[in-house]
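Chemist: One structure follows; several queries about it will come next.
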Amino acid sequence: MNTLFFTSTIKRVNRSRLKRIMRGYRFLKKTGQLGLIDALYDELTNARFAKIDHTASKLFFGAGVRMAELVTRQYLLTRIGGLGLNKALLYSLGVNGSSVIYPMPPLWQEIVAKYGFHVARIRCSLAWIGYIGLSFGYGVLLIAKEFYVSLREIIRPRSPALGRYAYFAGLNAGNLPQPCRDGRSHDIVTWYAHREGMPGHLDTLCHGVANAKSCHVDGFSVVFNLHPLPPLDTPGGLLRFSGLVFGGILASVFDLLRGRWWRALLLTEFAKAAMARFQAPDKLARDYLFHNSDWIYRPLWTYEAEKKGSRITFYFYSTNCESFKRLDGYPVQTGSWQVMNWPLYLVWDEYQADFVRRAVGEGANIKIAGPIWFQSSSVEMPKLPAGCVAVFDVQPHRNSRYQIKGIFQDYYIPRIANQFLLDIHAITRECKSMMVYKRKRNIGQMIHPEYEKLAKELARADNVFSVEPDISAVRVIEGCFAVISMPFTSTALLGRELGRPSVYYDPAGVVQKDDRAAHGIQVLSGREELRGWLAGLL
């Protein structure tokens with residue numbers, strides 16, 4: 001009984017908090033201030049912690065010492081920025097007289113106050129001290145764990161012999177090879193195995209997806225390896241690691257007493273970097289690959305790996321990254337892209353290369369790779385009749401999920417998403433074509449109920465074929481003669497690459513036709529333009 005009472009109380013508190021967060025969003029929208037949080041985040045992104053530049057220790061930051069301030073800023077944006085801070089900001093607006101209470105360094109507190117928010121300085125500072133303490137404690141535990149794992153490896157080696165390998169960070173099961181009957185799979189690992197320009201003479205492609213079976217792709221072994229950095233396997237390496245991290249712990253405590261919090265905050269990252277620093281170069285991956293779901297923070301250990309000869313590659317599996325152009329021009333780019341500093345960027349085309357240059361500067365090392373596959377499935381694509389049109393949209397989230405993001409670009413909402421589907425359904429029926437509709441992914445209970453209801457109704461229509469979300473977009477496009485995508489999803493570029501007529505359709509008429517985010521693909525506005533385009537093809 002007590003457990004049920006406790007659980008119901010927690011749920012009631014969470015619901016109340018969520019309602020107040022949503023009220024804060026509605027306040028911003030009603031007062032025409034939806035861009036406020038984007039502007040605030042842009043200033044947080046660019047706010048430098050000058051003291052770090054003057055006090056950064058090479059023993060602590062190692063090969064990344066010249067980027068110490070940027071590493072710290074990236075880490076903060078990733079760890080305490082994002083939805084957590086959004087919720088705190090919106091909650092303060094949704095409750096009259098409420099203040100922002102959230103763990104933030106003093107510089108961030110000043111910036112938040114500058115944008116008109118009431119900041120509970122003492123409570124924010126106490127929460128910040130608590131967060132630093134937890135980060136430090138977790139770092140000490142990680143150091144103890146790495147010491148134990150390495151010591152066990154020295155006494156009784158367990159690590160598999162990987163040879164020369166590449167490591168893919170941040171994958172899930174759908175990103176691994178899953179060939180259909182024809183032997184093809186459109187996942188990132190298979191794409192990489194087929195690609196020219198990867199480090200030569202690789203034996204193995206590694207990932208961190210637990211319980212995935214080992215397989216082979218074009219002669220490469222594809223295997224699970226939980227951590228990108230192998231444990232130390234020599235007594236000398238472990239001894240040097242122990243000395244360095246023990247000194248790092250003491251220095252972190254000493255710095256905290258002087259108000260320098262960054263060593264304690266980054267103690268876990270320091271421990272990983274120390275592992276890379278004392279690892280033999282031939283035990284590290286020849287190529288470490290990171291994707292654009294986690295674009296802000298470049299791990300501290302990658303500087304050590306790069307110094308030892310590893311390539312650090314950042315690739316875009318998607319092109320839907322830019323803010324929409326408005327009538328008065330392009331807004332400030334959201335997403336903190338400007339703090340990226342990856343050594344190598346793989347992009348789809350020159351438009352995306354230009355996006356990277358605008359974000360991080362002309363000196364960025366960029367390679368145009370064409371469309372980059374990411375996710376696939378072994379589910380067979382049904383044979384389609386002639387005259388099918390592939391349709392790709394963006395599923396709107398529930399209001400409770402969408403509004404906590406504080407998005408200024410109010411486009412991926414049920415009203416527009418539903419009109420997108422209804423217009424295409426009506427026009428394809430007029431033209432006696434079949435609408436082959438594929439949702440981007442299964443998002444479970446996050447999907448907006450209005451959109452979900454329409455999607456289920458359309459799936460029963462006589463000229464609509466609904467495709468499993470996990471099926472590769474490439475297979476859907478191959479079975480169709482034309483492609484219609486919602487702005488500005490990557491499927492339009494896949495359609496163009498595969499030689500199909502491909503357009504973006506904007507049912508609301510708010511997308512600018514010359515928006516650079518379209519990557520040179522035509523933007524259609526309203527039913528008449530859509531009808532004319534499809535009728536012309538037929």
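Each chain in the structure tokens gets a letter, A, B, ..., in the order shown, and its residues are numbered from 1; ligands are numbered from 1 in order too.
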Which polymer residues have any atom within 8 Å of an atom of Gln109 (chain A), counting only C-alpha atoms, with same-chain residues fewer than 3 positions away left out, as a list in words?

Modeler: Met104, Pro105, Pro106, Val112, Ala113, Val119, Arg121 and Cys124 of chain A

Chemist: Hey, can you spit out that residue selection with N, CA and C atoms as an mmCIF file, in the first residue's frame?

Modeler:
data_model
loop_
_atom_site.group_PDB
_atom_site.id
_atom_site.type_symbol
_atom_site.label_atom_id
_atom_site.label_comp_id
_atom_site.auth_asym_id
_atom_site.auth_seq_id
_atom_site.Cartn_x
_atom_site.Cartn_y
_atom_site.Cartn_z
ATOM 1 N N MET A 104 23.888 25.209 -12.366
ATOM 2 C CA MET A 104 24.556 26.000 -13.399
ATOM 3 C C MET A 104 25.766 26.707 -12.804
ATOM 4 N N PRO A 105 26.837 26.844 -13.582
ATOM 5 C CA PRO A 105 27.963 27.662 -13.114
ATOM 6 C C PRO A 105 27.535 29.132 -13.052
ATOM 7 N N PRO A 106 28.240 29.952 -12.285
ATOM 8 C CA PRO A 106 27.848 31.363 -12.129
ATOM 9 C C PRO A 106 27.697 32.111 -13.458
ATOM 10 N N VAL A 112 21.336 33.616 -17.973
ATOM 11 C CA VAL A 112 19.910 33.306 -17.849
ATOM 12 C C VAL A 112 19.162 34.506 -17.263
ATOM 13 N N ALA A 113 19.750 35.144 -16.251
ATOM 14 C CA ALA A 113 19.118 36.322 -15.652
ATOM 15 C C ALA A 113 19.037 37.473 -16.653
ATOM 16 N N VAL A 119 16.393 34.065 -11.355
ATOM 17 C CA VAL A 119 17.322 32.981 -11.031
ATOM 18 C C VAL A 119 17.524 32.922 -9.518
ATOM 19 N N ARG A 121 19.778 32.313 -7.199
ATOM 20 C CA ARG A 121 21.235 32.182 -7.269
ATOM 21 C C ARG A 121 21.784 31.193 -6.231
ATOM 22 N N CYS A 124 20.665 27.591 -7.090
ATOM 23 C CA CYS A 124 21.363 27.145 -8.306
ATOM 24 C C CYS A 124 22.818 26.813 -7.984
#

Chemist: Please, which residues of region 153-357 of chain A, numbered as in this document, come out helix (DSSP H, G or I) from DSSP, as a VMD selection string?

Modeler: chain A and resid 153 to 155 173 to 175 188 to 194 235 to 257 262 to 265 267 to 277 281 to 283 301 to 307 337 to 339 350 to 357

Chemist: Compare A:Ser310, A:Ser99, A:Gln279, A:Asp255 by their minimum atom-to-atom distance to Ala166 (chain A), counting only C-alpha atoms, and give me the closest one.

Modeler: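 When distances to Ala166 (chain A) are compared using only C-alpha atoms, the smallest one comes from A:Ser310.
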
Chemist: Using only C-alpha atoms, which protein or nucleic acid residues come within 10 Å of Gly84 (chain A)? Drop anything in the same chain fewer than 3 positions from it, and give the result as a PyMOL selection string.

Modeler: chain A and resi 79-81+87-89+102-103+404-405

Chemist: Each residue of region 334-387 of chain A lying at most 10 Å from region 184-205 of chain A should get a row with its shortest atom-to-atom pair and the distance in Å to one decimal, counting only C-alpha atoms; could you produce that, ordered by chain and increasing number, as JSON lines?

Modeler:
{"residue": "A:Lys367", "atom": "CA", "partner": "A:Gly197", "partner_atom": "CA", "distance": 9.9}
{"residue": "A:Ala369", "atom": "CA", "partner": "A:Arg195", "partner_atom": "CA", "distance": 8.7}
{"residue": "A:Pro371", "atom": "CA", "partner": "A:Trp191", "partner_atom": "CA", "distance": 9.6}
{"residue": "A:Ile372", "atom": "CA", "partner": "A:Trp191", "partner_atom": "CA", "distance": 7.0}
{"residue": "A:Trp373", "atom": "CA", "partner": "A:Ile188", "partner_atom": "CA", "distance": 5.1}
{"residue": "A:Phe374", "atom": "CA", "partner": "A:Ile188", "partner_atom": "CA", "distance": 4.3}
{"residue": "A:Gln375", "atom": "CA", "partner": "A:Asp187", "partner_atom": "CA", "distance": 4.6}
{"residue": "A:Ser376", "atom": "CA", "partner": "A:Asp187", "partner_atom": "CA", "distance": 5.1}
{"residue": "A:Ser377", "atom": "CA", "partner": "A:Ser185", "partner_atom": "CA", "distance": 7.3}
{"residue": "A:Ser378", "atom": "CA", "partner": "A:Ser185", "partner_atom": "CA", "distance": 7.6}

Chemist: Could you write those residues out with N, CA and C atoms, as a PDB file, in the first residue's frame?

Modeler:
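Saved the output as out_38.pdb:
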ATOM      1  N   LYS A 367      34.806  15.958 -46.226  1.00  0.00           N
ATOM      2  CA  LYS A 367      34.787  15.100 -47.400  1.00  0.00           C
ATOM      3  C   LYS A 367      33.338  14.826 -47.788  1.00  0.00           C
ATOM      4  N   ALA A 369      30.678  12.580 -49.244  1.00  0.00           N
ATOM      5  CA  ALA A 369      30.609  11.127 -49.381  1.00  0.00           C
ATOM      6  C   ALA A 369      29.345  10.649 -50.071  1.00  0.00           C
ATOM      7  N   PRO A 371      25.034  10.215 -50.147  1.00  0.00           N
ATOM      8  CA  PRO A 371      24.125   9.752 -49.090  1.00  0.00           C
ATOM      9  C   PRO A 371      24.768   8.681 -48.212  1.00  0.00           C
ATOM     10  N   ILE A 372      24.620   8.826 -46.916  1.00  0.00           N
ATOM     11  CA  ILE A 372      25.228   7.915 -45.953  1.00  0.00           C
ATOM     12  C   ILE A 372      24.122   7.077 -45.317  1.00  0.00           C
ATOM     13  N   TRP A 373      24.154   5.784 -45.573  1.00  0.00           N
ATOM     14  CA  TRP A 373      23.158   4.889 -44.975  1.00  0.00           C
ATOM     15  C   TRP A 373      23.342   4.851 -43.467  1.00  0.00           C
ATOM     16  N   PHE A 374      22.256   4.528 -42.759  1.00  0.00           N
ATOM     17  CA  PHE A 374      22.364   4.465 -41.304  1.00  0.00           C
ATOM     18  C   PHE A 374      21.602   3.290 -40.704  1.00  0.00           C
ATOM     19  N   GLN A 375      20.339   3.172 -41.043  1.00  0.00           N
ATOM     20  CA  GLN A 375      19.508   2.153 -40.389  1.00  0.00           C
ATOM     21  C   GLN A 375      18.852   1.264 -41.425  1.00  0.00           C
ATOM     22  N   SER A 376      18.729  -0.023 -41.085  1.00  0.00           N
ATOM     23  CA  SER A 376      18.155  -0.988 -42.009  1.00  0.00           C
ATOM     24  C   SER A 376      17.370  -2.032 -41.235  1.00  0.00           C
ATOM     25  N   SER A 377      16.804  -2.974 -41.968  1.00  0.00           N
ATOM     26  CA  SER A 377      16.032  -4.046 -41.362  1.00  0.00           C
ATOM     27  C   SER A 377      16.014  -5.234 -42.317  1.00  0.00           C
ATOM     28  N   SER A 378      15.900  -6.424 -41.751  1.00  0.00           N
ATOM     29  CA  SER A 378      15.817  -7.627 -42.582  1.00  0.00           C
ATOM     30  C   SER A 378      14.386  -7.904 -43.037  1.00  0.00           C
TER      31      SER A 378
END

Chemist: Extract, using only C-alpha atoms, all DNA, RNA and protein residues at most 10 Å from region 455-462 of chain A, discarding same-chain residues fewer than 3 positions from it, and format them as a list in words.

Modeler: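 Listed by chain and then number, they are Gln395, Asn418, Leu421, Leu422, His425, Arg429, Met434, Met435, Val436, Tyr437, Arg439, Pro449, Glu450, Tyr451, Glu452, Phe465, Ser466 and Val467 of chain A.
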
Chemist: For C-alpha atoms, I'd like the residues from the last selection saved as a short mmCIF file (atom, residue, chain, number, x, y, z; two decimals), in the first residue's frame.

Modeler:
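Saved as result02.cif:
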data_model
loop_
_atom_site.label_atom_id
_atom_site.label_comp_id
_atom_site.auth_asym_id
_atom_site.auth_seq_id
_atom_site.Cartn_x
_atom_site.Cartn_y
_atom_site.Cartn_z
CA GLN A 395 5.93 12.38 -37.11
CA ASN A 418 -1.81 15.71 -41.11
CA LEU A 421 -0.66 13.31 -45.67
CA LEU A 422 -4.22 14.32 -46.57
CA HIS A 425 -3.53 11.11 -50.45
CA ARG A 429 -6.01 9.25 -55.71
CA MET A 434 -0.63 4.50 -55.03
CA MET A 435 0.75 6.35 -52.02
CA VAL A 436 3.49 4.29 -50.34
CA TYR A 437 3.79 5.83 -46.91
CA ARG A 439 7.07 6.74 -41.14
CA PRO A 449 -2.72 10.99 -30.98
CA GLU A 450 -4.26 13.17 -33.72
CA TYR A 451 -1.54 12.15 -36.13
CA GLU A 452 -1.65 8.51 -35.06
CA PHE A 465 0.32 1.18 -48.74
CA SER A 466 1.82 1.63 -45.28
CA VAL A 467 5.41 0.43 -44.93
#

Chemist: Compile the contact shell of Gly82 (chain A) as a ChimeraX atom specification: residues with an atom at most 12 Å away, counting only C-alpha atoms, same-chain residues fewer than 2 positions apart removed.

Modeler: /A:37-38,40-41,44-45,74-80,84-89,294,296,334-336,404-407

Chemist: If you count only C-alpha atoms, which residues fall within 10 Å of Thr268 (chain A), apart from same-chain ones fewer than 2 positions away, as a list in words?

Modeler: Ser135, Phe136, Gly137, Tyr138, Gly139, Val140, Leu141, Leu142, Ile143, Arg263, Ala264, Leu265, Leu266, Phe270, Ala271, Lys272, Ala273, Ala274 and Leu300 of chain A

Chemist: Just write the chosen residues, C-alpha atoms, as a short mmCIF file (atom, residue, chain, number, x, y, z; two decimals), in the first residue's frame.

Modeler:
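Listing of result_8.cif after writing:
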data_model
loop_
_atom_site.label_atom_id
_atom_site.label_comp_id
_atom_site.auth_asym_id
_atom_site.auth_seq_id
_atom_site.Cartn_x
_atom_site.Cartn_y
_atom_site.Cartn_z
CA SER A 135 30.67 14.12 -11.15
CA PHE A 136 33.81 13.86 -9.04
CA GLY A 137 32.52 10.82 -7.16
CA TYR A 138 31.54 9.08 -10.38
CA GLY A 139 34.99 9.82 -11.78
CA VAL A 140 36.67 8.17 -8.79
CA LEU A 141 34.47 5.08 -9.23
CA LEU A 142 35.29 4.92 -12.94
CA ILE A 143 39.01 5.12 -12.19
CA ARG A 263 38.85 19.18 -13.19
CA ALA A 264 36.29 17.63 -10.85
CA LEU A 265 33.60 17.95 -13.53
CA LEU A 266 35.76 16.23 -16.15
CA PHE A 270 40.26 12.57 -17.76
CA ALA A 271 40.29 8.88 -16.71
CA LYS A 272 39.29 7.74 -20.22
CA ALA A 273 41.89 10.02 -21.78
CA ALA A 274 44.54 8.57 -19.44
CA LEU A 300 38.70 14.21 -24.43
#

Chemist: Let's see if you can do this: from backbone DSSP, list all strand (DSSP E) residues in region 191-397 of chain A, as a CSV table (one decimal) with C-alpha atoms, in the first residue's frame.

Modeler:
chain,number,residue,atom,x,y,z
A,204,THR,CA,37.4,-5.9,-37.9
A,205,LEU,CA,34.5,-3.4,-37.6
A,206,CYS,CA,33.5,-3.0,-33.9
A,207,HIS,CA,30.4,-1.6,-32.2
A,215,CYS,CA,28.8,-11.4,-38.7
A,216,HIS,CA,30.8,-10.6,-41.8
A,217,VAL,CA,30.5,-7.9,-44.4
A,220,PHE,CA,35.3,-7.8,-42.5
A,221,SER,CA,34.3,-9.3,-39.2
A,222,VAL,CA,31.6,-7.2,-37.4
A,223,VAL,CA,31.8,-7.8,-33.7
A,224,PHE,CA,30.6,-6.4,-30.4
A,287,ASP,CA,39.2,4.9,-37.2
A,288,TYR,CA,36.7,6.1,-34.6
A,289,LEU,CA,33.3,7.1,-36.0
A,290,PHE,CA,30.8,9.3,-34.3
A,291,HIS,CA,27.4,10.4,-35.8
A,311,ARG,CA,41.5,8.8,-37.3
A,312,ILE,CA,38.5,10.6,-35.6
A,313,THR,CA,35.6,10.7,-38.1
A,314,PHE,CA,32.3,12.5,-37.6
A,315,TYR,CA,29.6,11.6,-40.1
A,344,LEU,CA,37.1,15.0,-40.2
A,345,TYR,CA,33.5,15.6,-41.3
A,346,LEU,CA,31.7,13.2,-43.8
A,347,VAL,CA,28.8,15.0,-45.4
A,366,ILE,CA,35.3,18.0,-45.0
A,367,LYS,CA,34.8,15.1,-47.4
A,368,ILE,CA,31.7,14.8,-49.5
A,388,CYS,CA,3.7,4.1,-56.7
A,389,VAL,CA,4.8,7.3,-55.0
A,390,ALA,CA,7.1,7.1,-52.0
A,391,VAL,CA,6.0,9.5,-49.2
A,392,PHE,CA,8.1,10.4,-46.2

Chemist: So which one's closest to Ile154 (chain A), A:Pro235, A:Phe168, A:Ser485, A:Gly130? Using only C-alpha atoms, please.

Modeler: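 Residue with the minimum atom-to-atom distance to Ile154 (chain A): A:Pro235.
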
Chemist: Have a look at A:Asn175, A:Asn442, A:Ser433, A:Thr72 and name the one nearest to Glu269 (chain A); count only C-alpha atoms.

Modeler: A:Thr72

Chemist: Which residue, A:Arg298, A:Arg164, A:Lys51, A:Lys29, has the smallest gap to Gly259 (chain A) when you use only C-alpha atoms?

Modeler: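 Nearest to Gly259 (chain A): A:Lys51.
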
Chemist: Write out as number ranges by chain each polymer residue whose atoms come within 8 Å of Arg277 (chain A), counting only C-alpha atoms; drop sequence neighbours fewer than 5 positions from it.

Modeler: A: 301, 304-305

Chemist: Mind dumping the selected residues with N, CA and C atoms as an mmCIF file, in the first residue's frame?

Modeler:
data_model
loop_
_atom_site.group_PDB
_atom_site.id
_atom_site.type_symbol
_atom_site.label_atom_id
_atom_site.label_comp_id
_atom_site.auth_asym_id
_atom_site.auth_seq_id
_atom_site.Cartn_x
_atom_site.Cartn_y
_atom_site.Cartn_z
ATOM 1 N N TRP A 301 39.268 11.859 -24.743
ATOM 2 C CA TRP A 301 40.207 10.784 -25.088
ATOM 3 C C TRP A 301 40.513 10.734 -26.582
ATOM 4 N N GLU A 304 43.913 12.100 -27.530
ATOM 5 C CA GLU A 304 45.025 11.164 -27.317
ATOM 6 C C GLU A 304 45.074 10.118 -28.425
ATOM 7 N N ALA A 305 43.908 9.593 -28.803
ATOM 8 C CA ALA A 305 43.863 8.583 -29.864
ATOM 9 C C ALA A 305 44.349 9.159 -31.189
#

Chemist: Just checking: using only C-alpha atoms, which residue out of A:Leu534, A:Ala144, A:Ala518, A:Ile447 ends up closest to Pro501 (chain A)?

Modeler: A:Leu534

Chemist: For Gly536 (chain A), which residue out of A:Val394, A:Ala386, A:Ala482, A:Leu229 is the nearest one, using only C-alpha atoms?

Modeler: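 So, comparing all the options, the nearest one is A:Ala482.
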